[in-house]
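Peer 1: My file is query_32.cif. It has mmCIF, C-alpha atoms:
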data_start
#
loop_
_atom_site.group_PDB
_atom_site.id
_atom_site.type_symbol
_atom_site.label_atom_id
_atom_site.label_comp_id
_atom_site.auth_asym_id
_atom_site.auth_seq_id
_atom_site.Cartn_x
_atom_site.Cartn_y
_atom_site.Cartn_z
ATOM 1 C CA MET V 296 -1.662 15.526 -24.768
ATOM 2 C CA ASN V 297 1.579 13.629 -25.143
ATOM 3 C CA LEU V 298 0.824 10.337 -23.430
ATOM 4 C CA LYS V 299 4.459 9.285 -23.305
ATOM 5 C CA LEU V 300 5.331 12.416 -21.364
ATOM 6 C CA VAL V 301 2.384 11.990 -18.991
ATOM 7 C CA ASN V 302 3.307 8.358 -18.345
ATOM 8 C CA ALA V 303 6.941 9.257 -17.654
ATOM 9 C CA ALA V 304 5.960 12.134 -15.367
ATOM 10 C CA VAL V 305 3.547 10.031 -13.298
ATOM 11 C CA PHE V 306 6.034 7.164 -13.153
ATOM 12 C CA LEU V 307 8.704 9.544 -11.843
ATOM 13 C CA LEU V 308 6.258 11.138 -9.364
ATOM 14 C CA ILE V 309 5.423 7.756 -7.831
ATOM 15 C CA ALA V 310 9.089 6.681 -7.863
ATOM 16 C CA ALA V 311 10.154 9.954 -6.216
ATOM 17 C CA PHE V 312 7.651 9.506 -3.395
ATOM 18 C CA MET V 313 8.817 5.922 -2.896
ATOM 19 C CA LEU V 314 12.464 6.983 -2.718
ATOM 20 C CA LEU V 315 11.551 9.816 -0.326
ATOM 21 C CA TYR V 316 9.674 7.455 1.976
ATOM 22 C CA TYR V 317 12.420 4.860 1.801
ATOM 23 C CA GLY V 318 15.107 7.496 2.366
ATOM 24 C CA MET V 319 13.417 8.646 5.556
ATOM 25 C CA VAL V 320 13.703 5.074 6.884
ATOM 26 C CA TYR V 321 17.492 5.605 7.022
ATOM 27 C CA PHE V 322 17.171 7.992 9.969
ATOM 28 C CA GLN V 323 15.387 5.306 12.020
ATOM 29 C CA MET V 324 18.118 2.700 11.558
ATOM 30 C CA PRO V 325 19.520 1.687 14.944
ATOM 31 C CA SER V 326 22.882 0.115 14.022
ATOM 32 C CA PRO V 327 25.587 0.081 11.302
ATOM 33 C CA LEU V 328 24.421 -3.384 10.244
ATOM 34 C CA ALA V 329 20.890 -2.092 9.744
ATOM 35 C CA ARG V 330 22.276 0.810 7.695
ATOM 36 C CA GLY V 331 24.140 -1.693 5.516
ATOM 37 C CA ILE V 332 20.928 -3.613 4.910
ATOM 38 C CA PHE V 333 19.252 -0.294 4.121
ATOM 39 C CA PHE V 334 21.718 0.423 1.309
ATOM 40 C CA GLY V 335 21.344 -3.110 -0.050
ATOM 41 C CA GLY V 336 17.591 -2.531 -0.101
ATOM 42 C CA ALA V 337 18.075 0.788 -1.898
ATOM 43 C CA ILE V 338 19.974 -0.971 -4.692
ATOM 44 C CA THR V 339 17.309 -3.653 -5.156
ATOM 45 C CA LEU V 340 14.614 -0.959 -5.054
ATOM 46 C CA CYS V 341 16.360 0.910 -7.888
ATOM 47 C CA ILE V 342 16.750 -2.303 -9.930
ATOM 48 C CA GLY V 343 13.059 -3.034 -9.385
ATOM 49 C CA LEU V 344 12.114 0.493 -10.441
ATOM 50 C CA LEU V 345 14.218 0.258 -13.596
ATOM 51 C CA SER V 346 12.542 -3.024 -14.531
ATOM 52 C CA GLN V 347 9.146 -1.331 -14.122
ATOM 53 C CA HIS V 348 9.921 1.508 -16.450
ATOM 54 C CA GLN V 349 8.181 0.719 -19.700
ATOM 55 C CA VAL V 350 6.937 4.023 -20.975
ATOM 56 C CA LYS V 351 5.347 3.058 -24.222
ATOM 57 C CA ASN V 352 3.022 5.153 -26.222
ATOM 58 C CA ARG V 353 0.108 3.340 -24.669
ATOM 59 C CA LYS V 354 -3.450 4.344 -25.115
ATOM 60 C CA HIS V 355 -4.955 5.102 -21.744
ATOM 61 C CA ALA V 356 -7.681 2.651 -20.938
ATOM 62 C CA PHE V 357 -11.086 4.231 -20.845
ATOM 63 C CA VAL V 358 -11.932 5.228 -17.297
ATOM 64 C CA ARG V 359 -14.979 7.089 -16.198
ATOM 65 C CA ILE V 360 -13.398 10.210 -14.744
ATOM 66 C CA LEU V 361 -16.513 11.236 -12.854
ATOM 67 C CA GLY V 362 -16.968 7.690 -11.545
ATOM 68 C CA VAL V 363 -13.397 7.525 -10.245
ATOM 69 C CA ILE V 364 -13.685 10.914 -8.521
ATOM 70 C CA SER V 365 -16.991 10.072 -6.851
ATOM 71 C CA ALA V 366 -15.814 6.593 -5.791
ATOM 72 C CA THR V 367 -12.651 8.056 -4.234
ATOM 73 C CA LEU V 368 -14.616 10.786 -2.472
ATOM 74 C CA ALA V 369 -17.221 8.342 -1.156
ATOM 75 C CA GLY V 370 -14.588 5.906 0.122
ATOM 76 C CA GLY V 371 -12.463 8.629 1.690
ATOM 77 C CA LEU V 372 -15.223 10.502 3.473
ATOM 78 C CA ALA V 373 -16.913 7.302 4.694
ATOM 79 C CA ALA V 374 -13.668 5.839 6.078
ATOM 80 C CA PHE V 375 -12.600 9.144 7.681
ATOM 81 C CA TYR V 376 -15.984 9.581 9.350
ATOM 82 C CA LEU V 377 -16.095 5.954 10.475
ATOM 83 C CA SER V 378 -12.548 5.917 11.882
ATOM 84 C CA GLY V 379 -13.353 8.771 14.269
ATOM 85 C CA LEU V 380 -16.720 7.356 15.279
ATOM 86 C CA ASP V 381 -17.013 6.459 18.942
ATOM 87 C CA ALA V 382 -18.343 2.901 18.993
ATOM 88 C CA GLY V 383 -19.293 1.217 22.250
ATOM 89 C CA LEU V 384 -15.821 -0.313 22.475
ATOM 90 C CA GLY V 385 -13.915 2.909 21.888
ATOM 91 C CA ILE V 386 -12.880 4.792 18.778
ATOM 92 C CA ILE V 387 -13.226 2.469 15.785
ATOM 93 C CA GLY V 388 -9.791 3.305 14.411
ATOM 94 C CA PRO V 389 -8.444 3.582 10.885
ATOM 95 C CA VAL V 390 -7.742 -0.087 10.079
ATOM 96 C CA ILE V 391 -11.207 -1.359 10.941
ATOM 97 C CA ALA V 392 -12.829 1.655 9.249
ATOM 98 C CA ALA V 393 -10.893 1.225 6.011
ATOM 99 C CA SER V 394 -11.473 -2.507 5.793
ATOM 100 C CA VAL V 395 -15.183 -2.209 6.569
ATOM 101 C CA VAL V 396 -15.555 0.525 3.937
ATOM 102 C CA GLY V 397 -13.531 -1.573 1.478
ATOM 103 C CA LEU V 398 -15.633 -4.671 2.001
ATOM 104 C CA ALA V 399 -19.022 -2.931 2.057
ATOM 105 C CA GLY V 400 -18.098 -0.676 -0.858
ATOM 106 C CA PHE V 401 -16.928 -3.618 -2.940
ATOM 107 C CA GLU V 402 -20.177 -5.515 -2.369
ATOM 108 C CA ILE V 403 -22.264 -2.427 -3.208
ATOM 109 C CA LEU V 404 -20.269 -1.662 -6.368
ATOM 110 C CA GLN V 405 -20.509 -5.290 -7.462
ATOM 111 C CA LYS V 406 -24.293 -5.225 -6.981
ATOM 112 C CA LEU V 407 -24.397 -2.074 -9.127
ATOM 113 C CA GLY V 408 -22.268 -3.795 -11.771
ATOM 114 C CA LYS V 409 -19.454 -1.266 -11.415
ATOM 115 C CA SER V 410 -16.736 -3.392 -9.834
ATOM 116 C CA GLU V 411 -14.089 -1.539 -11.892
ATOM 117 C CA LEU V 412 -14.656 1.355 -9.487
ATOM 118 C CA ALA V 413 -13.672 -0.762 -6.457
ATOM 119 C CA PRO V 414 -9.931 0.129 -6.614
ATOM 120 C CA PRO V 415 -10.465 3.918 -6.508
ATOM 121 C CA MET V 416 -13.003 3.430 -3.714
ATOM 122 C CA TYR V 417 -10.437 1.392 -1.719
ATOM 123 C CA CYS V 418 -7.828 4.068 -2.474
ATOM 124 C CA GLY V 419 -10.257 6.555 -0.926
ATOM 125 C CA ALA V 420 -10.580 4.323 2.134
ATOM 126 C CA PHE V 421 -6.795 4.599 2.646
ATOM 127 C CA ILE V 422 -7.077 8.383 2.466
ATOM 128 C CA GLY V 423 -9.719 8.115 5.186
ATOM 129 C CA MET V 424 -7.150 6.386 7.419
ATOM 130 C CA SER V 425 -5.465 9.778 7.922
ATOM 131 C CA SER V 426 -5.178 11.054 11.467
ATOM 132 C CA TYR V 427 -7.686 13.562 12.881
ATOM 133 C CA ALA V 428 -4.679 15.371 14.398
ATOM 134 C CA PHE V 429 -3.534 16.649 10.995
ATOM 135 C CA PHE V 430 -6.568 16.492 8.709
ATOM 136 C CA SER V 431 -10.005 18.055 8.651
ATOM 137 C CA ILE V 432 -12.898 16.707 6.572
ATOM 138 C CA GLU V 433 -12.384 19.456 3.943
ATOM 139 C CA MET V 434 -8.734 18.496 3.608
ATOM 140 C CA ILE V 435 -9.753 14.859 3.116
ATOM 141 C CA ALA V 436 -12.073 15.925 0.290
ATOM 142 C CA ALA V 437 -9.185 17.867 -1.298
ATOM 143 C CA VAL V 438 -6.882 14.830 -0.920
ATOM 144 C CA CYS V 439 -9.500 12.652 -2.635
ATOM 145 C CA LEU V 440 -9.550 14.992 -5.645
ATOM 146 C CA VAL V 441 -5.723 15.022 -5.922
ATOM 147 C CA SER V 442 -5.519 11.245 -5.561
ATOM 148 C CA ALA V 443 -8.309 10.656 -8.084
ATOM 149 C CA ALA V 444 -6.343 12.753 -10.592
ATOM 150 C CA VAL V 445 -3.168 10.746 -9.935
ATOM 151 C CA TYR V 446 -5.170 7.498 -10.189
ATOM 152 C CA ILE V 447 -6.566 8.456 -13.584
ATOM 153 C CA LEU V 448 -3.155 9.572 -14.897
ATOM 154 C CA ALA V 449 -1.304 6.542 -13.479
ATOM 155 C CA ASN V 450 -3.671 4.204 -15.331
ATOM 156 C CA ASP V 451 -1.719 0.978 -15.874
ATOM 157 C CA LEU V 452 1.661 2.080 -14.487
ATOM 158 C CA TYR V 453 2.811 -0.257 -11.713
ATOM 159 C CA ALA V 454 -0.133 -2.489 -12.627
ATOM 160 C CA GLY V 455 -0.403 -5.578 -10.468
ATOM 161 C CA SER V 456 2.033 -4.372 -7.828
ATOM 162 C CA GLY V 457 0.405 -4.420 -4.413
ATOM 163 C CA GLY V 458 0.434 -1.061 -2.657
ATOM 164 C CA LYS V 459 -0.151 1.079 -5.734
ATOM 165 C CA LEU V 460 -3.453 2.381 -4.383
ATOM 166 C CA GLY V 461 -1.922 3.205 -1.017
ATOM 167 C CA THR V 462 0.924 5.052 -2.720
ATOM 168 C CA ILE V 463 -1.560 7.158 -4.666
ATOM 169 C CA ALA V 464 -3.342 7.933 -1.394
ATOM 170 C CA PHE V 465 -0.003 8.826 0.219
ATOM 171 C CA ILE V 466 0.891 11.243 -2.588
ATOM 172 C CA GLY V 467 -2.423 13.052 -2.069
ATOM 173 C CA THR V 468 -2.177 13.235 1.723
ATOM 174 C CA THR V 469 1.449 14.441 1.692
ATOM 175 C CA ILE V 470 0.808 17.151 -0.903
ATOM 176 C CA VAL V 471 -2.356 18.443 0.810
ATOM 177 C CA ARG V 472 -0.824 18.302 4.305
ATOM 178 C CA LYS V 473 2.244 20.272 3.160
ATOM 179 C CA LEU V 474 0.052 22.808 1.337
ATOM 180 C CA GLY V 475 -2.239 23.062 4.364
ATOM 181 C CA GLU V 476 0.681 23.752 6.698
ATOM 182 C CA ASN V 477 1.956 26.512 4.449
ATOM 183 C CA LEU V 478 -1.354 28.122 3.545
ATOM 184 C CA PHE V 479 -3.232 28.198 6.839
ATOM 185 C CA MET O 236 9.549 -10.421 20.386
ATOM 186 C CA LEU O 237 7.276 -7.734 18.984
ATOM 187 C CA GLU O 238 9.366 -7.610 15.811
ATOM 188 C CA PHE O 239 9.011 -11.353 15.402
ATOM 189 C CA ALA O 240 5.238 -11.200 15.953
ATOM 190 C CA ILE O 241 4.953 -8.453 13.324
ATOM 191 C CA LEU O 242 7.011 -10.509 10.864
ATOM 192 C CA ILE O 243 4.768 -13.564 11.358
ATOM 193 C CA ILE O 244 1.522 -11.568 11.123
ATOM 194 C CA SER O 245 2.771 -9.820 7.961
ATOM 195 C CA ILE O 246 3.625 -13.082 6.238
ATOM 196 C CA LEU O 247 0.303 -14.710 7.210
ATOM 197 C CA SER O 248 -1.758 -11.723 6.135
ATOM 198 C CA ALA O 249 0.043 -11.327 2.803
ATOM 199 C CA LEU O 250 -0.280 -15.039 2.016
ATOM 200 C CA LEU O 251 -3.984 -15.070 2.911
ATOM 201 C CA THR O 252 -4.689 -12.071 0.672
ATOM 202 C CA TYR O 253 -2.615 -13.465 -2.200
ATOM 203 C CA GLU O 254 -4.386 -16.814 -1.919
ATOM 204 C CA ILE O 255 -7.915 -15.367 -1.961
ATOM 205 C CA GLY O 256 -7.300 -12.438 -4.287
ATOM 206 C CA SER O 257 -4.816 -13.539 -6.911
ATOM 207 C CA VAL O 258 -4.583 -17.334 -6.866
ATOM 208 C CA ARG O 259 -8.316 -18.006 -6.353
ATOM 209 C CA ASN O 260 -9.111 -14.939 -8.453
ATOM 210 C CA LYS O 261 -11.632 -13.367 -6.113
ATOM 211 C CA SER O 262 -11.203 -9.592 -6.176
ATOM 212 C CA ALA O 263 -8.000 -8.284 -4.540
ATOM 213 C CA VAL O 264 -9.907 -5.452 -2.848
ATOM 214 C CA ARG O 265 -12.231 -7.889 -1.112
ATOM 215 C CA ALA O 266 -9.345 -10.185 -0.155
ATOM 216 C CA SER O 267 -7.348 -7.366 1.417
ATOM 217 C CA ALA O 268 -10.338 -6.047 3.369
ATOM 218 C CA ILE O 269 -11.209 -9.540 4.638
ATOM 219 C CA SER O 270 -7.689 -10.357 5.781
ATOM 220 C CA SER O 271 -7.216 -7.022 7.551
ATOM 221 C CA LEU O 272 -10.537 -7.556 9.339
ATOM 222 C CA ILE O 273 -9.505 -11.086 10.361
ATOM 223 C CA PHE O 274 -6.240 -9.856 11.881
ATOM 224 C CA GLY O 275 -7.532 -6.472 13.053
ATOM 225 C CA LEU O 276 -10.778 -7.331 14.816
ATOM 226 C CA PRO O 277 -9.274 -9.509 17.606
ATOM 227 C CA VAL O 278 -6.946 -6.680 18.694
ATOM 228 C CA TYR O 279 -9.797 -4.181 18.465
ATOM 229 C CA LEU O 280 -12.085 -6.385 20.538
ATOM 230 C CA ALA O 281 -9.372 -7.293 23.085
ATOM 231 C CA PRO O 282 -10.045 -4.358 25.468
ATOM 232 C CA ALA O 283 -13.720 -5.359 25.632
ATOM 233 C CA ALA O 284 -12.657 -8.837 26.763
ATOM 234 C CA GLY O 285 -10.475 -7.294 29.470
ATOM 235 C CA ILE O 286 -7.158 -7.890 27.697
ATOM 236 C CA ALA O 287 -4.919 -4.875 27.263
ATOM 237 C CA ALA O 288 -3.713 -4.771 23.668
ATOM 238 C CA GLY O 289 -0.507 -2.974 24.688
ATOM 239 C CA ALA O 290 2.315 -3.507 22.228
ATOM 240 C CA PHE O 291 0.000 -5.538 20.019
ATOM 241 C CA ALA O 292 -1.909 -2.383 19.134
ATOM 242 C CA MET O 293 0.415 -2.197 16.102
ATOM 243 C CA MET O 294 -0.786 -5.563 14.792
ATOM 244 C CA PRO O 295 -3.841 -4.470 12.764
ATOM 245 C CA ALA O 296 -1.811 -1.862 10.883
ATOM 246 C CA ALA O 297 0.930 -4.404 10.129
ATOM 247 C CA ALA O 298 -1.644 -6.929 8.924
ATOM 248 C CA MET O 299 -3.378 -4.379 6.721
ATOM 249 C CA GLY O 300 -0.111 -3.176 5.174
ATOM 250 C CA ALA O 301 0.988 -6.724 4.500
ATOM 251 C CA SER O 302 -2.372 -7.482 2.902
ATOM 252 C CA PHE O 303 -1.523 -4.789 0.309
ATOM 253 C CA VAL O 304 1.599 -6.789 -0.498
ATOM 254 C CA GLY O 305 -0.691 -9.759 -1.088
ATOM 255 C CA MET O 306 -2.827 -7.711 -3.504
ATOM 256 C CA SER O 307 -0.060 -8.152 -6.109
ATOM 257 C CA SER O 308 -1.160 -9.985 -9.229
ATOM 258 C CA THR O 309 0.298 -13.364 -10.159
ATOM 259 C CA LYS O 310 1.880 -11.605 -13.146
ATOM 260 C CA ALA O 311 3.860 -9.130 -11.018
ATOM 261 C CA VAL O 312 4.761 -11.580 -8.237
ATOM 262 C CA PRO O 313 4.502 -15.098 -9.629
ATOM 263 C CA SER O 314 4.879 -17.303 -6.568
ATOM 264 C CA ARG O 315 4.097 -17.541 -2.871
ATOM 265 C CA ILE O 316 7.790 -17.599 -1.925
ATOM 266 C CA TRP O 317 8.275 -14.094 -3.317
ATOM 267 C CA ILE O 318 5.179 -12.947 -1.422
ATOM 268 C CA VAL O 319 6.829 -14.224 1.783
ATOM 269 C CA VAL O 320 10.066 -12.356 0.914
ATOM 270 C CA SER O 321 8.069 -9.251 0.119
ATOM 271 C CA ALA O 322 6.112 -9.450 3.386
ATOM 272 C CA ALA O 323 9.380 -9.814 5.319
ATOM 273 C CA VAL O 324 10.784 -6.706 3.609
ATOM 274 C CA PHE O 325 7.513 -4.933 4.378
ATOM 275 C CA SER O 326 7.725 -5.725 8.083
ATOM 276 C CA GLY O 327 11.229 -4.202 8.164
ATOM 277 C CA ILE O 328 10.065 -0.996 6.512
ATOM 278 C CA PHE O 329 6.965 -0.921 8.738
ATOM 279 C CA LEU O 330 9.054 -1.176 11.931
ATOM 280 C CA PHE O 331 11.459 1.593 10.937
ATOM 281 C CA SER O 332 9.140 3.932 9.033
ATOM 282 C CA SER O 333 9.691 7.602 9.749
ATOM 283 C CA PRO O 334 7.460 9.356 12.305
ATOM 284 C CA ALA O 335 7.510 12.421 10.032
ATOM 285 C CA PHE O 336 4.813 10.784 7.896
ATOM 286 C CA ALA O 337 2.758 9.424 10.807
ATOM 287 C CA GLY O 338 -0.899 10.282 10.389
ATOM 288 C CA ASN O 339 -0.775 10.465 6.596
ATOM 289 C CA GLY O 340 -3.162 7.983 5.040
ATOM 290 C CA GLY O 341 -1.410 5.694 2.572
ATOM 291 C CA GLY O 342 1.841 5.242 4.503
ATOM 292 C CA LEU O 343 1.172 1.514 4.733
ATOM 293 C CA GLY O 344 0.464 1.355 1.016
ATOM 294 C CA ILE O 345 3.713 3.049 -0.006
ATOM 295 C CA SER O 346 5.654 0.735 2.338
ATOM 296 C CA ALA O 347 3.968 -2.193 0.600
ATOM 297 C CA LEU O 348 4.784 -0.876 -2.892
ATOM 298 C CA ILE O 349 8.425 -0.283 -1.892
ATOM 299 C CA SER O 350 8.700 -3.854 -0.634
ATOM 300 C CA VAL O 351 7.035 -5.336 -3.730
ATOM 301 C CA ILE O 352 9.274 -3.333 -6.105
ATOM 302 C CA SER O 353 12.381 -4.251 -4.044
ATOM 303 C CA THR O 354 11.372 -7.897 -4.212
ATOM 304 C CA ILE O 355 11.043 -7.640 -7.993
ATOM 305 C CA GLY O 356 14.569 -6.154 -7.926
ATOM 306 C CA ILE O 357 15.873 -8.998 -5.745
ATOM 307 C CA LYS O 358 14.256 -11.530 -8.086
ATOM 308 C CA LYS O 359 15.813 -9.883 -11.162
ATOM 309 C CA THR O 360 19.243 -9.835 -9.494
ATOM 310 C CA ALA O 361 18.913 -13.496 -8.517
ATOM 311 C CA THR O 362 18.002 -14.584 -12.061
ATOM 312 C CA GLU O 363 20.898 -12.583 -13.563
ATOM 313 C CA PHE O 364 23.239 -14.130 -11.009
ATOM 314 C CA ARG O 365 22.015 -17.618 -11.868
ATOM 315 C CA LYS O 366 22.533 -16.919 -15.589
ATOM 316 C CA ILE O 367 26.143 -15.825 -14.961
ATOM 317 C CA LEU O 368 26.788 -18.913 -12.841
ATOM 318 C CA ALA O 369 25.300 -21.166 -15.525
ATOM 319 C CA LYS O 370 27.489 -19.527 -18.185
ATOM 320 C CA LYS O 371 30.594 -20.052 -16.041
ATOM 321 C CA SER O 372 29.850 -23.704 -15.392
ATOM 322 C CA SER O 373 29.160 -24.370 -19.095
ATOM 323 C CA ALA O 374 32.444 -22.651 -20.078
ATOM 324 C CA HIS O 375 34.475 -25.143 -18.053
#
Please go through the file and, once you have read it, give me the structure as structure tokens.
Peer 2:
Amino acid sequence: MNLKLVNAAVFLLIAAFMLLYYGMVYFQMPSPLARGIFFGGAITLCIGLLSQHQVKNRKHAFVRILGVISATLAGGLAAFYLSGLDAGLGIIGPVIAASVVGLAGFEILQKLGKSELAPPMYCGAFIGMSSYAFFSIEMIAAVCLVSAAVYILANDLYAGSGGKLGTIAFIGTTIVRKLGENLF
Amino acid sequence: MLEFAILIISILSALLTYEIGSVRNKSAVRASAISSLIFGLPVYLAPAAGIAAGAFAMMPAAAMGASFVGMSSTKAVPSRIWIVVSAAVFSGIFLFSSPAFAGNGGGLGISALISVISTIGIKKTATEFRKILAKKSSAH
């Protein structure tokens, strides 16, 4: 497989989703001043994206494909289940569920000596933050598979930029939700 | 008022995560989870104490999203000032994010990545600007 092509494709996929999400912000802008700031932000976003684009013929770092898929699935299903759980104080909610899964999962993975699987597990926890109004548990499992694939292909693109995991989760949820709306 | 509260919470949460995760070099995943629990639990527990969370129900999500900003490595975002800028950009995107994507997991994460990449863009523009200014002053 041509790694350069894969890198460029995944880079463009992530950039396209970012531009889509940012573009949708425009329709929420309340005033002309805010719209001006929006366009200024669009320019800096593009400059930032251009500075990120270093598609070299890198060797993909060795990742355990099965490990990444199972970590994403475990994180996603646990967080989704937990966020809908009716605790004594009410529904637990996505933020608490995802952070509890992230913290507990990290400690467990560290005990097992597999702390390199903590990022995909946390990415799964973000997938589990999806709303029960739009997602069923089967759809969450499908999202986890899509996101695990993107995670493996993205490898060290956007490395070190906060929010990369969430973006990968967002790509999965958007694709599966759109497919789900059209198929069923 | 709410906008201001979200801005402050975002900056605090991002700085806390950056401090634990990147500067102190404890894992970023753990740092982000800890800081979203710190800022999320009080709002979650508020109804039990008889306080209506009301408008502040948005706080945990803002804190969690901003903690993703703080997950940036010291290589990508080298100083705390840029984390503050990035968290401020994040709170803007968070406040105006489209309802079309509501309910999709990962919306907070993509807002965080957009703000981090924009901040890298702002930083690049600022350094180029400074270079041009320095050139001009040395030419005179």
Peer 1: Name the residues that the PyMOL selection byres ((chain V) within 8 of (chain O)) picks from the file above, as a ChimeraX atom specification, using the file's chain letters and numbers.
Peer 2: /V:313,316-317,319-320,322-324,336-337,339-344,346,384,387,390-391,393-395,397-398,401,413-414,417,421-429,454-466,468-469
Peer 1: Got a sec to resolve the PyMOL selection byres ((chain V and resi 365-377) around 7) on this structure and send the residues as an MDAnalysis selection string?
Peer 2: chainID V and resid 361:364 378:380 387 392:393 396 412 415:420 422:424 435:436 439 443
Peer 1: Enter the distance from CA of Val445 (chain V) to CA of Val301 (chain V), in Å, rounded to one decimal.
Peer 2: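 Rounded to one decimal, the two atoms are 10.7 Å apart.
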Peer 1: Calculate how many Å separate CA of Thr362 (chain O) from CA of Phe312 (chain V), rounding to one decimal.
Peer 2: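 That distance, rounded to one decimal, is 27.6 Å.
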Peer 1: Interatomic distance between CA of Leu345 (chain V) and CA of Ala310 (chain V)?
Peer 2: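 Computing the Euclidean distance for CA of Leu345 (chain V) and CA of Ala310 (chain V) yields 10.0 Å.
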Peer 1: Go through V:Tyr321, V:Phe430, V:Phe333, V:Phe306 one by one, measure the shortest atom-to-atom distance of each to Tyr453 (chain V) using only C-alpha atoms, and give the residue with the smallest value.
Peer 2: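 Ranked by minimum distance to Tyr453 (chain V), first place goes to V:Phe306.
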Peer 1: Show me, as AutoDock Vina command-line options, the centre and edge lengths in Å to one decimal of the axis-aligned box that covers every listed atom of region 250-260 of chain O with 5 Å on each side.
Peer 2:
--center_x -4.7 --center_y -15.0 --center_z -2.8 --size_x 18.8 --size_y 15.9 --size_z 21.4
